[in-house]
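Participant: The following block contains the structure, expressed as structure tokens.
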Amino acid sequence: MRKKKLSVLPLLLVLLFSLCLGAYPVSAASLKKPSGLKVQKTVAREVKLTWKKVSGAKGYVVYQKKGSASYKKVKKTGNISSLKIKNLSYGQKYYFRIRAYKTVGGKTVYSSYSSSVKITIPKKKAPTPTLTPTPVPRVFTVTPKSNPYQNRYIKTAAFTEKTRSHYVLLSYMEYFSTIGGGELHLKKGVYNLAYNLYVPSNVTLVFEDGVIIKSLKKAGLFVLYDNNDARAGVKYSGYNGVHDVKFIGKGTVIFDKEYSGSDAILMGHTKNILIQGITFANMSGKTSHFIEMDASYNVEIKNCTFSGCTSTGVKEAINLDVPDAATGGFTWGGSTMDKTADDTIYIHDNVFRNLAAGVGTHMYTPGHPHRNIRIENNIFSSCRVFAIRAQNWENSTIKNNTFTNIKSATASEPAFAVDARGISNVTVSGNTASTCDAFMEIIVSRYSEDTIAKKPGLADYEPVYNSMKEEDVVYNTVSGLGTSYDISFTNVIYNQMKYTVYWNVKNV
């Protein structure tokens, strides 16, 4: 019996196909699908996907769909386990899924898709509207018939038609104290003050043509003192009191002292003060000054008129003094009496007439000189004691002033255009003096025995001597003097007549 011959070729083909399948599998089953996929929001339109790595994976493909749309591939990554997706849309729902991949025989093999995750991007919040703050009103205009700010004081017993203007001004000063300053314009008319009006920091008072400020009780007019500080009994020191205040007159503006009372303007421990264009009238030479300026820094007084002293006293129209309890030169209750002197004072282009004295200092505190005082381009006429007294001044100038009819009311003591006492580095130049008792004397600053007897605290106050040269007084023009000399100089206490030297005006 002949045996049937079997074909070998089909068996070989089957064997070869089986071997190929074992060496190069193409099924995705050999790559697990990713697990642990999570999504979380990071910033406004950004999310972060995280997942667990798949063993053997070369990387991952990330798919995203928006709402009910189809999935789209958004990123093919390397072998990482997190990814940030940016620039998503506000108010939309997003789905994400991933699958792993690897390369086999030049072909990319993918795993199954992971479970999907979803997240909703919140709607964009409407921006909070920026509220523009309502500006605080700071500039006002009043007349003598105005009502007080927000009708304050109207229902009080003290408010009458006679005191109306006082309470109008008071209400605004209190308001400015609360808001940190302001500007008040006063229209033409008479404004009566029942008592001192306190002016706080950062205030400008503008007085229009025809304004008259008077005191009902013949007291003072303006005090640079914050109302709240006054009520609390705060005492100032150094230059830490009221600052940045302006008194500005436009046209004819009169501060009328009515022959008596305290100062028209009192300032102590102040800085950055301007007084401009005011006529100060009717000062009592026994009880007040027009301006009392103590412990003040950077004060300018310009284009003002100081006129009319109605008593035989010797008060200066503008007094520069030191708050010192021993001297009593400044007795204001708002001061700590810390002996702070004035510094950087500029008094220029003013008129002083029919007064006992113009500008000066009448008490001194050793070791606390006034510095950087500039008295320039003023007119002094008919002053019966002196026009300027520079006492315990340093590094100052008296320049380009005009002095006429500076004459004493008595024959015992001459009146001086410039009375200098205990000065250092003071230049007197470019001045013109005519028809005066004397142009200038320079003597030691000291307290007499009579003064010390009245003020025992001055017993230990040493004299202040002069540091002055003849060349410091130059380019002045004098005529019609009641003396045979222009300048007298002495720097000793005893036998002054014996050691006095006399200088003529030098032009070198």
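Chain labels follow the order of the structure tokens: the first chain is A, the next B, and so on; residue numbering restarts at 1 in every chain, and ligands are counted from 1 in their shown order.
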I want to know what sits within 12 Å of Phe159 (chain A), based on only C-alpha atoms, with residues of the same chain fewer than 6 positions away left out; could you give that as a JSON list (two decimals) with all heavy atoms, in the first residue's frame?
Facilitator:
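Below is the file part_8.json, written as the result:
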[["chain", "number", "residue", "atom", "x", "y", "z"],
["A", 147, "ASN", "N", -24.19, 131.50, 57.75],
["A", 147, "ASN", "CA", -24.40, 130.61, 58.88],
["A", 147, "ASN", "C", -23.13, 129.80, 59.14],
["A", 147, "ASN", "O", -22.34, 129.58, 58.23],
["A", 147, "ASN", "CB", -25.56, 129.64, 58.62],
["A", 147, "ASN", "CG", -26.90, 130.31, 58.77],
["A", 147, "ASN", "OD1", -27.05, 131.33, 59.44],
["A", 147, "ASN", "ND2", -27.91, 129.75, 58.11],
["A", 148, "PRO", "N", -22.95, 129.34, 60.36],
["A", 148, "PRO", "CA", -21.80, 128.48, 60.63],
["A", 148, "PRO", "C", -21.85, 127.21, 59.80],
["A", 148, "PRO", "O", -22.91, 126.81, 59.30],
["A", 148, "PRO", "CB", -21.94, 128.16, 62.13],
["A", 148, "PRO", "CG", -22.77, 129.28, 62.68],
["A", 148, "PRO", "CD", -23.72, 129.65, 61.59],
["A", 151, "ASN", "N", -24.53, 124.61, 60.26],
["A", 151, "ASN", "CA", -25.41, 125.30, 61.22],
["A", 151, "ASN", "C", -25.04, 125.05, 62.69],
["A", 151, "ASN", "O", -25.90, 125.10, 63.58],
["A", 151, "ASN", "CB", -26.87, 124.93, 60.98],
["A", 151, "ASN", "CG", -27.38, 125.47, 59.66],
["A", 151, "ASN", "OD1", -27.00, 126.56, 59.25],
["A", 151, "ASN", "ND2", -28.21, 124.69, 58.99],
["A", 152, "ARG", "N", -23.79, 124.78, 62.91],
["A", 152, "ARG", "CA", -23.35, 124.59, 64.30],
["A", 152, "ARG", "C", -23.53, 125.89, 65.08],
["A", 152, "ARG", "O", -23.42, 126.99, 64.54],
["A", 152, "ARG", "CB", -21.89, 124.16, 64.35],
["A", 152, "ARG", "CG", -21.61, 122.79, 63.76],
["A", 152, "ARG", "CD", -20.24, 122.32, 64.12],
["A", 152, "ARG", "NE", -20.12, 122.11, 65.56],
["A", 152, "ARG", "CZ", -18.99, 121.81, 66.18],
["A", 152, "ARG", "NH1", -17.87, 121.73, 65.49],
["A", 152, "ARG", "NH2", -18.97, 121.62, 67.49],
["A", 153, "TYR", "N", -23.77, 125.75, 66.37],
["A", 153, "TYR", "CA", -23.86, 126.86, 67.33],
["A", 153, "TYR", "C", -25.11, 127.72, 67.18],
["A", 153, "TYR", "O", -25.38, 128.56, 68.03],
["A", 153, "TYR", "CB", -22.62, 127.77, 67.26],
["A", 153, "TYR", "CG", -21.34, 127.07, 67.57],
["A", 153, "TYR", "CD1", -20.40, 126.80, 66.58],
["A", 153, "TYR", "CD2", -21.06, 126.64, 68.87],
["A", 153, "TYR", "CE1", -19.22, 126.15, 66.86],
["A", 153, "TYR", "CE2", -19.87, 125.98, 69.17],
["A", 153, "TYR", "CZ", -18.97, 125.74, 68.16],
["A", 153, "TYR", "OH", -17.80, 125.08, 68.44],
["A", 165, "SER", "N", -20.49, 136.25, 63.21],
["A", 165, "SER", "CA", -19.29, 136.06, 62.39],
["A", 165, "SER", "C", -18.22, 135.28, 63.14],
["A", 165, "SER", "O", -17.45, 134.52, 62.55],
["A", 165, "SER", "CB", -18.74, 137.40, 61.91],
["A", 165, "SER", "OG", -18.51, 138.28, 62.99],
["A", 166, "HIS", "N", -18.19, 135.45, 64.47],
["A", 166, "HIS", "CA", -17.22, 134.68, 65.25],
["A", 166, "HIS", "C", -17.50, 133.19, 65.13],
["A", 166, "HIS", "O", -16.59, 132.37, 64.87],
["A", 166, "HIS", "CB", -17.22, 135.08, 66.71],
["A", 166, "HIS", "CG", -16.35, 134.21, 67.57],
["A", 166, "HIS", "ND1", -15.02, 134.44, 67.72],
["A", 166, "HIS", "CD2", -16.62, 133.08, 68.27],
["A", 166, "HIS", "CE1", -14.49, 133.50, 68.49],
["A", 166, "HIS", "NE2", -15.46, 132.67, 68.84],
["A", 167, "TYR", "N", -18.75, 132.80, 65.31],
["A", 167, "TYR", "CA", -19.08, 131.38, 65.28],
["A", 167, "TYR", "C", -19.05, 130.81, 63.86],
["A", 167, "TYR", "O", -18.84, 129.61, 63.69],
["A", 167, "TYR", "CB", -20.43, 131.15, 65.95],
["A", 167, "TYR", "CG", -20.31, 131.29, 67.45],
["A", 167, "TYR", "CD1", -20.71, 132.45, 68.10],
["A", 167, "TYR", "CD2", -19.74, 130.27, 68.20],
["A", 167, "TYR", "CE1", -20.57, 132.58, 69.48],
["A", 167, "TYR", "CE2", -19.59, 130.40, 69.58],
["A", 167, "TYR", "CZ", -20.00, 131.55, 70.21],
["A", 167, "TYR", "OH", -19.83, 131.69, 71.56],
["A", 168, "VAL", "N", -19.22, 131.66, 62.88],
["A", 168, "VAL", "CA", -19.02, 131.21, 61.50],
["A", 168, "VAL", "C", -17.56, 130.79, 61.31],
["A", 168, "VAL", "O", -17.25, 129.67, 60.85],
["A", 168, "VAL", "CB", -19.40, 132.31, 60.50],
["A", 168, "VAL", "CG1", -18.91, 131.94, 59.09],
["A", 168, "VAL", "CG2", -20.91, 132.53, 60.48],
["A", 170, "LEU", "N", -15.31, 130.17, 63.63],
["A", 170, "LEU", "CA", -14.97, 129.08, 64.55],
["A", 170, "LEU", "C", -15.40, 127.73, 63.98],
["A", 170, "LEU", "O", -14.66, 126.74, 64.05],
["A", 170, "LEU", "CB", -15.63, 129.32, 65.90],
["A", 170, "LEU", "CG", -15.50, 128.19, 66.93],
["A", 170, "LEU", "CD1", -14.04, 127.92, 67.26],
["A", 170, "LEU", "CD2", -16.30, 128.52, 68.19],
["A", 171, "SER", "N", -16.60, 127.66, 63.42],
["A", 171, "SER", "CA", -17.11, 126.38, 62.91],
["A", 171, "SER", "C", -16.23, 125.85, 61.78],
["A", 171, "SER", "O", -16.00, 124.64, 61.68],
["A", 171, "SER", "CB", -18.55, 126.54, 62.42],
["A", 171, "SER", "OG", -18.62, 127.36, 61.27],
["A", 193, "LEU", "N", -14.89, 139.12, 66.43],
["A", 193, "LEU", "CA", -14.46, 137.92, 67.17],
["A", 193, "LEU", "C", -14.79, 138.09, 68.63],
["A", 193, "LEU", "O", -14.42, 139.09, 69.25],
["A", 193, "LEU", "CB", -12.96, 137.69, 66.98],
["A", 193, "LEU", "CG", -12.49, 137.49, 65.54],
["A", 193, "LEU", "CD1", -11.00, 137.17, 65.51],
["A", 193, "LEU", "CD2", -13.28, 136.40, 64.84],
["A", 194, "ALA", "N", -15.50, 137.11, 69.18],
["A", 194, "ALA", "CA", -15.89, 137.17, 70.59],
["A", 194, "ALA", "C", -14.70, 136.90, 71.50],
["A", 194, "ALA", "O", -14.65, 137.37, 72.63],
["A", 194, "ALA", "CB", -17.01, 136.17, 70.87]]
Participant: DSSP on the backbone, then: every residue of region 92-156 of chain A marked strand (DSSP E), written as a ChimeraX atom specification.
Facilitator: /A:93-104,107-110,117-120,139-142
Participant: Select, from A:Lys32, A:Lys162, A:Lys72, A:Lys399, the residue with the minimum atom-to-atom distance to Lys53 (chain A), counting only C-alpha atoms.
Facilitator: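 Closest candidate: A:Lys32.
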Participant: Please determine, counting only C-alpha atoms, which residue among A:Ile265, A:Cys304, A:Val136, A:Ile213 has the shortest atom-to-atom distance to Tyr175 (chain A).
Facilitator: A:Val136
Participant: Could you pull the residues within 12 Å of Phe306 (chain A), counting only C-alpha atoms, minus those fewer than 4 positions along the same chain, as a ChimeraX atom specification?
Facilitator: /A:253-257,264,276-283,289-291,301-302,316-318,349-359,378-383,387
